[in-house]
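Okay, so here's the structure we're looking at.
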Amino acid sequence: MSVRPQTRSPDSKPPFWRDRTKRALLAQCLLLAALAALVVFIIHNTQENLASRGITTGLGFLDDTAGFGIGQTLIDYSSNSTYGRTFIVGLLNTLLVSGLGVLAATIIGFTVGIARLSPNWLIARLANGYIEIFRNIPLLLQIFFWYFAVLQSLPSARESMSLGEVIFLNIRGLYLPQPQFLSGFGLIPVVMMAAFIASIALIVWNRRRHAATGKRLPTIWLSLGMIIGLPLLVLVVTGVPVTWEVPELGGFNFSGGVTIIPELLALWLALSIYTASFIAEIVRSGIQSISHGQTEAALALSLPGKLVLRLVIIPQALRVIIPPLTSQYLNLIKNSSLATAIGYPDLVSVFAGTTLNQTGQAIEVIAMTMAVYLTISLLVSMFMNWFNARVALVER
Amino acid sequence: MTHYKEMIPERPAPHRSIGPLAWLRTNLFSGPVNTLVTLAGIVLLYWLLVPTIQWAVIDANWLGSNPEDCTSAGACWVFIHARIGQFIYGLYPSEEIWRINIVFILFTGFITWLGVPGLPYKRGVAIVTLLVFPIIAYLLLHGGYFGLPRVSTHRWGGLTLTLILAVVGMVAALPIGIILALGRRSSMPIVRSVCVIFIEFWRGAPLITILFMASVMLPLFLPAGVGIDRLIRALVGITLFQSAYMAEVVRGGLQAIPQGQEEAAAALGMSYWKRMGLIVLPQALKMMIPGIVNTFISLFKDTTLVMIIGLFDLLGIVQAALSDSRWLGFDVEGYVFAAFVFWVFCFSMSRYSQYLERRLHTGH
């Protein structure tokens with residue numbers, strides 16, 4: 001605030017357009033009024049347009065019968081189901097491909113990002129080539145490539161490619177064996193849960209002991225051993241109560257087992273490969289942002305190499321990596337909506353596409369779709385902020 | 001301890017530490033694990049590159065004009081050759097293509113002038129590029145004036161449309177983005193929250209739903225009888241989407257300017273708009289250029305989504321050409337060509353932005 005010499009007598013106020021607070025108030029009132037006018041204008045036009053087209057507003061259409069089938073459903077769905085159920089099927093499919101994509105993109109991205117920093121010249125060049133090629137080609141083009149050029153040129157069901165006569169790949173998708181749980185299998189999850197709780201207890205105990213005595217156990221290996229080993233042991237003792245249902249060729253198609261439709265496969269491949277190229281760059285710059293002095297200081301304290309990485313480099317690099325990583329995850333989730341271009345039944349495809357065309361309820365449908373993405377964005381960024389805050393605590 | 005009165009002459013570096021062999025040893029074969037990794041890398045490279053080169057160059061068909069000319073096993077570039085006019089100009093009437101060419105040449109000229117450091121009159125050229133050039137480009141492309149026949153927008157397509165969407169989206173988004181960023185940093189609570197909600201709303205939704213919204217809902221929002229061109233609808237959606245991202249870039253640039261600059265300007269008695277327009281924004285804009293180029297790259301790639309609402313950008317027209325019954329089965333060639341064009345544009349722009357970042361850093 002600039003201070004001016006008082007030339008007027010103190011009781012004569014300046015005109016209101018010279019008063020900063022009043023001017024701000026006026027500007028904000030004008031903005032609100034303009035926004036309100038815009039909203040009223042839009043609502044008025046929309047009501048008239050909808051009335052002239054004979055569309056009634058409201059969410060009542062969600063209870064109507066959809067009347068179309070969906071290629072991949074995670075819950076029971078038929079063409080007799082309602083539009084509301086269509087919405088849920090689409091949402092689950094979006095979450096499925098996003099979850100798979102985030103997982104694969106993280107693994108590929110971290111691998112390539114670390115390879116990019118490899119002292120081996122060839123490996124570093126290869127990783128760089130991967131990054132430069134895949135992040136500079138539009139995602140939609142990559143999806144089309146995988147779907148139309150690669151997966152649609154696979155052989156028909158009769159000439160499927162197979163891996164040990166158990167896994168089959170053809171133009172209709174990827175066929176995997178499905179486990180069938182027999183009676184007595186119920187014990188396994190219980191044991192696994194118990195092992196999980198025990199390893200948490202072990203980690204807490206080890207941390208206290210480490211703080212008190214300076215000794216520590218390799219808890220990660222111990223808990224991994226418990227979580228994987230104990231259920232395996234129970235599995236063997238109870239006589240392996242699991243059989244695998246292998247897909248079988250009958251007529252023109254396979255039956256049994258799990259089917260991954262080619263649309264999901266193409267979308268998954270393209271999303272993970274594309275996003276991984278960005279994650280790799282983030283990981284590389286994150287690790288490079290840690291000055292070499294940190295490594296040297298840790299080595300001077302005679303920390304072994306593995307601990308230098310785990311206790312010094314990674315915690316600091318993660319602080320740099322996590323914020324941009326979050327926005328890449330969000331991008332991946334939003335990009336999964338490109339599913340509609342190849343007909344993978346995600347939220348945008350079955351709800352903002354088919355449902356909108358059949359019902360004409362543009363406003364409700366688009367608003368619900370947008371609300372879903374905004375909610376997901378909010379939840380993911382809340383989780384990542386929480387995680388980031390935890391990692392940031394390492395800093396003093 | 002021995003004492004030397006003179007320096008011992010420098011000995012040459014050991015043979016094992018200089019020359020190409022030493023380079024190979026340190027960078028590729030420094031140990032058993034490293035050697036194995038290198039060999040695996042060579043196998044991977046061989047396995048990837050040899051069939052690709054075989055397909056794309058050695059066995060490829062380059063000459064001809066119809067599908068029967070593609071006889072060997074490799075790529076059929078004849079397909080691209082036969083369709084290249086469509087891929088670049090869309091369905092624009094062939095006798096009017098010179099208009100697009102003039103716009104291309106003008107645009108390249110202006111951008112080169114602005115991009116090459118050291119050329120004079122940057123400010124004047126920038127104003128002409130931002131204000132005069134769009135009008136010239138519109139008059140030339142759309143026609144209907146000065147005896148030019150009118151070409152309606154549904155005939156626009158190919159690389160031309162991709163560039164139009166990206167450039168117009170960008171240029172229109174920049175001022176909105178600046179205003180949003182200033183609003184987000186404002187001390188007025190209502191202005192700030194309106195801007196934050198606007199930015200987060202567009203950033204949180206995928207572009208494809210925004211394009212759907214623009215193509216389905218925009219006609220509902222306007223008074224009955226106001227027809228609105230499909231290209232304009234797409235442009236409105238892209239601009240609003242892009243302005244939110246632009247706002248974040250501008251905000252980053254504003255945050256990089258020390259608070260003292262604005263305080264000093266305020267101490268000189270400058271008003272808010274003078275402080276921003278004369279002191280803060282000119283400095284911030286310079287810092288923002290790499291960020292602007294990066295958002296432009298992602299916008300350039302995102303323009304491919306307009307094919308989902310029925311516009312034929314480069315990818316859209318390639319996709320349409322692939323379903324031509326005379327030219328079936330050339331999917332890979334079509335996609336590789338489109339990917340190559342996009343890659344050349346995006347890669348050169350990202351290199352340019354890296355170069356700018358390095359150039360801007362030396363100032364400190």
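In the structure tokens, each chain is lettered A, B, ... as it comes, each chain's residues begin at 1, and ligands are numbered from 1 in order of appearance.
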- Message: Neighbouring residues of Ile75 (chain A) were defined as those with any atom within 10 Å, considering only C-alpha atoms; residues of the same chain fewer than 5 positions away were excluded. Please report them as number ranges by chain.
- Response: A: 85, 88-89, 92-93
- Check the DSSP output for the backbone and give back, as a VMD selection string, the residues of region 128-357 of chain A in strand (DSSP E). chain A and resid 161 to 163 167 to 170 173 to 176 178 to 181 242 to 245 248 to 250 253 to 255 258 to 260
Export C-alpha atoms of the chosen residues as a PDB file, in the first residue's frame?
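Final output, part_4.pdb:
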```
ATOM      1  CA  MET A 161      -0.511 -68.058 -31.339  1.00  0.00           C
ATOM      2  CA  SER A 162      -0.075 -69.966 -28.124  1.00  0.00           C
ATOM      3  CA  LEU A 163       2.333 -70.179 -25.244  1.00  0.00           C
ATOM      4  CA  ILE A 167      -2.148 -68.894 -23.104  1.00  0.00           C
ATOM      5  CA  PHE A 168      -3.575 -68.007 -26.513  1.00  0.00           C
ATOM      6  CA  LEU A 169      -3.408 -64.802 -28.536  1.00  0.00           C
ATOM      7  CA  ASN A 170      -5.543 -64.138 -31.592  1.00  0.00           C
ATOM      8  CA  GLY A 173      -7.997 -61.111 -27.741  1.00  0.00           C
ATOM      9  CA  LEU A 174      -5.726 -62.720 -25.201  1.00  0.00           C
ATOM     10  CA  TYR A 175      -6.924 -65.888 -23.466  1.00  0.00           C
ATOM     11  CA  LEU A 176      -5.523 -66.768 -20.067  1.00  0.00           C
ATOM     12  CA  GLN A 178      -8.543 -69.022 -14.861  1.00  0.00           C
ATOM     13  CA  PRO A 179      -8.017 -70.475 -11.394  1.00  0.00           C
ATOM     14  CA  GLN A 180     -10.911 -72.507  -9.980  1.00  0.00           C
ATOM     15  CA  PHE A 181     -10.937 -72.565  -6.195  1.00  0.00           C
ATOM     16  CA  VAL A 242      -6.860 -75.113  -7.036  1.00  0.00           C
ATOM     17  CA  THR A 243      -7.372 -76.211 -10.622  1.00  0.00           C
ATOM     18  CA  TRP A 244      -6.800 -74.086 -13.689  1.00  0.00           C
ATOM     19  CA  GLU A 245      -9.495 -73.739 -16.287  1.00  0.00           C
ATOM     20  CA  GLU A 248     -10.297 -74.395 -25.185  1.00  0.00           C
ATOM     21  CA  LEU A 249     -10.981 -73.943 -28.863  1.00  0.00           C
ATOM     22  CA  GLY A 250     -14.556 -74.880 -29.655  1.00  0.00           C
ATOM     23  CA  ASN A 253     -13.819 -69.273 -30.643  1.00  0.00           C
ATOM     24  CA  PHE A 254     -12.276 -70.127 -27.302  1.00  0.00           C
ATOM     25  CA  SER A 255     -14.352 -70.857 -24.261  1.00  0.00           C
ATOM     26  CA  VAL A 258     -10.148 -65.264 -18.781  1.00  0.00           C
ATOM     27  CA  THR A 259     -10.437 -63.205 -21.961  1.00  0.00           C
ATOM     28  CA  ILE A 260      -8.707 -59.872 -22.363  1.00  0.00           C
TER      29      ILE A 260
END
```
- Message: I'd like the contact shell of Thr340 (chain A) - 7 Å cut-off, only C-alpha atoms, skipping same-chain residues fewer than 4 positions apart - returned as number ranges by chain.
- Response: A: 344, 348-349
Using C-alpha atoms, can you export the residues from the last selection as a PDB file, in the first residue's frame?
```pdb
ATOM      1  CA  TYR A 344     -13.252 -50.074 -25.537  1.00  0.00           C
ATOM      2  CA  VAL A 348     -16.886 -41.909 -22.107  1.00  0.00           C
ATOM      3  CA  SER A 349     -17.561 -44.571 -24.713  1.00  0.00           C
TER       4      SER A 349
END
```
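Of the residues under consideration (A:Trp17, A:Trp386, A:Phe144, A:Tyr83), A:Phe144 shows the shortest atom-to-atom contact distance to chain B when counting only C-alpha atoms.
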May I have the residues within 8 Å of Phe337 (chain B) as a compact mmCIF listing (two decimals) with C-alpha atoms, in the first residue's frame, using only C-alpha atoms and disregarding those fewer than 4 positions away in the same chain?
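Contents of selection33.txt, freshly written:
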```txt
# COMPACT_ATOMS: atom_id res chain seq x y z
CA ILE B 80 1.59 -42.23 -49.11
CA GLU B 333 2.45 -47.38 -43.73
CA VAL B 341 5.21 -36.12 -39.36
```
- Task: May I have the residues within 12 Å of Pro175 (chain B) as a list in words, using only C-alpha atoms and disregarding those fewer than 2 positions away in the same chain?
- Result: Leu130, Gly169, Met170, Val171, Ala172, Ala173, Gly177, Ile178, Ile179, Leu180, Ala181, Leu182, Thr239, Leu240, Gln242, Ser243, Ala244, Met246, Ala247, Val250, Leu281 and Leu285 of chain B
- Query: Near Ile308 (chain B), within 12 Å and counting only C-alpha atoms, which residues show up once chain neighbours fewer than 5 positions away are dropped, as a ChimeraX atom specification?
  - Reply: /A:140,337-343,348-349,353 /B:207-212,215,234,302-303,313,315-317,319
Please produce a file of those selected residues containing C-alpha atoms, as a PDB file, in the first residue's frame.
```
ATOM      1  CA  LEU A 140      -4.310 -41.528 -30.196  1.00  0.00           C
ATOM      2  CA  SER A 337     -11.050 -41.724 -22.240  1.00  0.00           C
ATOM      3  CA  LEU A 338      -9.492 -42.132 -25.704  1.00  0.00           C
ATOM      4  CA  ALA A 339     -10.921 -45.645 -25.396  1.00  0.00           C
ATOM      5  CA  THR A 340     -13.942 -44.363 -27.247  1.00  0.00           C
ATOM      6  CA  ALA A 341     -11.888 -44.126 -30.467  1.00  0.00           C
ATOM      7  CA  ILE A 342     -11.351 -47.899 -30.660  1.00  0.00           C
ATOM      8  CA  GLY A 343     -14.548 -48.933 -28.909  1.00  0.00           C
ATOM      9  CA  VAL A 348     -16.886 -41.909 -22.107  1.00  0.00           C
ATOM     10  CA  SER A 349     -17.561 -44.571 -24.713  1.00  0.00           C
ATOM     11  CA  GLY A 353     -21.217 -41.871 -26.295  1.00  0.00           C
TER      12      GLY A 353
ATOM     13  CA  LEU B 207     -10.033 -33.051 -23.527  1.00  0.00           C
ATOM     14  CA  ILE B 208     -12.292 -35.573 -25.188  1.00  0.00           C
ATOM     15  CA  THR B 209     -15.224 -34.876 -22.857  1.00  0.00           C
ATOM     16  CA  ILE B 210     -14.597 -31.171 -23.382  1.00  0.00           C
ATOM     17  CA  LEU B 211     -14.779 -31.667 -27.143  1.00  0.00           C
ATOM     18  CA  PHE B 212     -17.972 -33.694 -26.705  1.00  0.00           C
ATOM     19  CA  SER B 215     -19.963 -30.187 -29.941  1.00  0.00           C
ATOM     20  CA  ALA B 234     -13.824 -27.548 -31.605  1.00  0.00           C
ATOM     21  CA  ASP B 302      -3.934 -33.421 -28.591  1.00  0.00           C
ATOM     22  CA  THR B 303      -5.424 -31.911 -31.757  1.00  0.00           C
ATOM     23  CA  ASP B 313      -7.044 -33.549 -39.047  1.00  0.00           C
ATOM     24  CA  LEU B 315      -4.616 -38.501 -38.248  1.00  0.00           C
ATOM     25  CA  GLY B 316      -8.304 -38.345 -39.175  1.00  0.00           C
ATOM     26  CA  ILE B 317      -7.588 -38.132 -42.878  1.00  0.00           C
ATOM     27  CA  GLN B 319      -7.513 -43.070 -40.870  1.00  0.00           C
TER      28      GLN B 319
END
```
Pull the closest atom pair for each residue of chain B that gets at most 7 Å from chain A, along with the distance in Å to one decimal, counting only C-alpha atoms, ordering rows by chain and then ascending residue number, as a Markdown table.
```
| residue | atom | partner | partner_atom | distance |
| --- | --- | --- | --- | --- |
| B:Asn27 | CA | A:Asn120 | CA | 5.2 |
| B:Leu28 | CA | A:Asn120 | CA | 5.3 |
| B:Asn34 | CA | A:Asn120 | CA | 6.8 |
| B:Thr38 | CA | A:Leu122 | CA | 6.5 |
| B:Gly41 | CA | A:Ile123 | CA | 6.4 |
| B:Met188 | CA | A:Ala24 | CA | 6.7 |
| B:Ile190 | CA | A:Gln28 | CA | 6.2 |
| B:Val191 | CA | A:Gln28 | CA | 6.3 |
| B:Gly204 | CA | A:Leu374 | CA | 5.1 |
| B:Ala205 | CA | A:Tyr373 | CA | 5.7 |
| B:Pro206 | CA | A:Lys334 | CA | 4.8 |
| B:Ile208 | CA | A:Ser337 | CA | 6.9 |
| B:Met213 | CA | A:Ile366 | CA | 6.6 |
| B:Val216 | CA | A:Ala362 | CA | 6.7 |
| B:Met217 | CA | A:Ala362 | CA | 6.6 |
| B:Leu220 | CA | A:Thr46 | CA | 5.1 |
| B:Phe221 | CA | A:Ile42 | CA | 4.9 |
| B:Leu222 | CA | A:Asn45 | CA | 5.8 |
| B:Pro223 | CA | A:Asn45 | CA | 5.2 |
| B:Ala224 | CA | A:Asn49 | CA | 6.2 |
| B:Ala267 | CA | A:Ser2 | CA | 6.9 |
| B:Lys301 | CA | A:Pro138 | CA | 4.7 |
| B:Asp302 | CA | A:Pro138 | CA | 6.8 |
| B:Thr304 | CA | A:Leu140 | CA | 6.8 |
| B:Ile308 | CA | A:Ala341 | CA | 6.6 |
| B:Asp331 | CA | A:Ala149 | CA | 5.6 |
| B:Val332 | CA | A:Ala149 | CA | 5.6 |
| B:Tyr335 | CA | A:Phe145 | CA | 6.4 |
| B:Ala339 | CA | A:Ile137 | CA | 5.8 |
| B:Phe342 | CA | A:Ile137 | CA | 5.9 |
| B:Trp343 | CA | A:Asn136 | CA | 5.1 |
| B:Cys346 | CA | A:Asn136 | CA | 5.4 |
| B:Phe347 | CA | A:Asn136 | CA | 6.1 |
```
- Might you pull out every residue within 9 Å of region 182-191 of chain A, with only C-alpha atoms counted and same-chain residues fewer than 6 positions away left off, and present them as a PyMOL selection string? chain A and resi 227+230-232+234-235+238+240-243
Restrict the selected residues to N, CA and C atoms and save them as a short mmCIF file (atom, residue, chain, number, x, y, z; two decimals), in the first residue's frame.
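Below is the file out_21.cif, written as the result:
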```
data_model
loop_
_atom_site.label_atom_id
_atom_site.label_comp_id
_atom_site.auth_asym_id
_atom_site.auth_seq_id
_atom_site.Cartn_x
_atom_site.Cartn_y
_atom_site.Cartn_z
N ILE A 227 4.71 -63.46 3.90
CA ILE A 227 3.46 -63.24 3.15
C ILE A 227 3.35 -64.22 1.99
N LEU A 230 4.22 -68.55 3.77
CA LEU A 230 3.22 -69.24 4.60
C LEU A 230 2.02 -69.72 3.80
N PRO A 231 1.40 -68.86 2.96
CA PRO A 231 0.28 -69.37 2.15
C PRO A 231 0.69 -70.53 1.25
N LEU A 232 1.91 -70.45 0.68
CA LEU A 232 2.38 -71.54 -0.18
C LEU A 232 2.46 -72.84 0.61
N VAL A 234 0.78 -73.61 3.33
CA VAL A 234 -0.57 -74.09 3.60
C VAL A 234 -1.15 -74.74 2.34
N LEU A 235 -0.84 -74.13 1.18
CA LEU A 235 -1.33 -74.64 -0.10
C LEU A 235 -0.86 -76.08 -0.30
N THR A 238 -2.48 -78.50 2.37
CA THR A 238 -3.88 -78.85 2.12
C THR A 238 -4.07 -79.57 0.79
N VAL A 240 -3.10 -78.56 -2.45
CA VAL A 240 -3.34 -77.69 -3.61
C VAL A 240 -4.80 -77.72 -4.09
N PRO A 241 -5.69 -77.04 -3.34
CA PRO A 241 -7.10 -77.07 -3.74
C PRO A 241 -7.43 -76.07 -4.86
N VAL A 242 -6.62 -76.03 -5.93
CA VAL A 242 -6.86 -75.11 -7.04
C VAL A 242 -6.70 -75.87 -8.35
N THR A 243 -7.61 -75.69 -9.27
CA THR A 243 -7.37 -76.21 -10.62
C THR A 243 -7.43 -75.04 -11.57
#
```
- Message: Report, in Å with one decimal, the straight-line distance from CA of Val166 (chain A) to CA of Leu100 (chain A).
- Response: 22.3 Å
- Item | Counting only C-alpha atoms, the option among B:Leu106, B:Leu24, B:Leu163, B:Leu141 closest to Phe296 (chain B) | B:Leu163
- Message: Nearest residue to His292 (chain A) out of A:Ile313, A:Ala280, A:Ile228, A:Leu264, using only C-alpha atoms?
- Response: A:Ile313
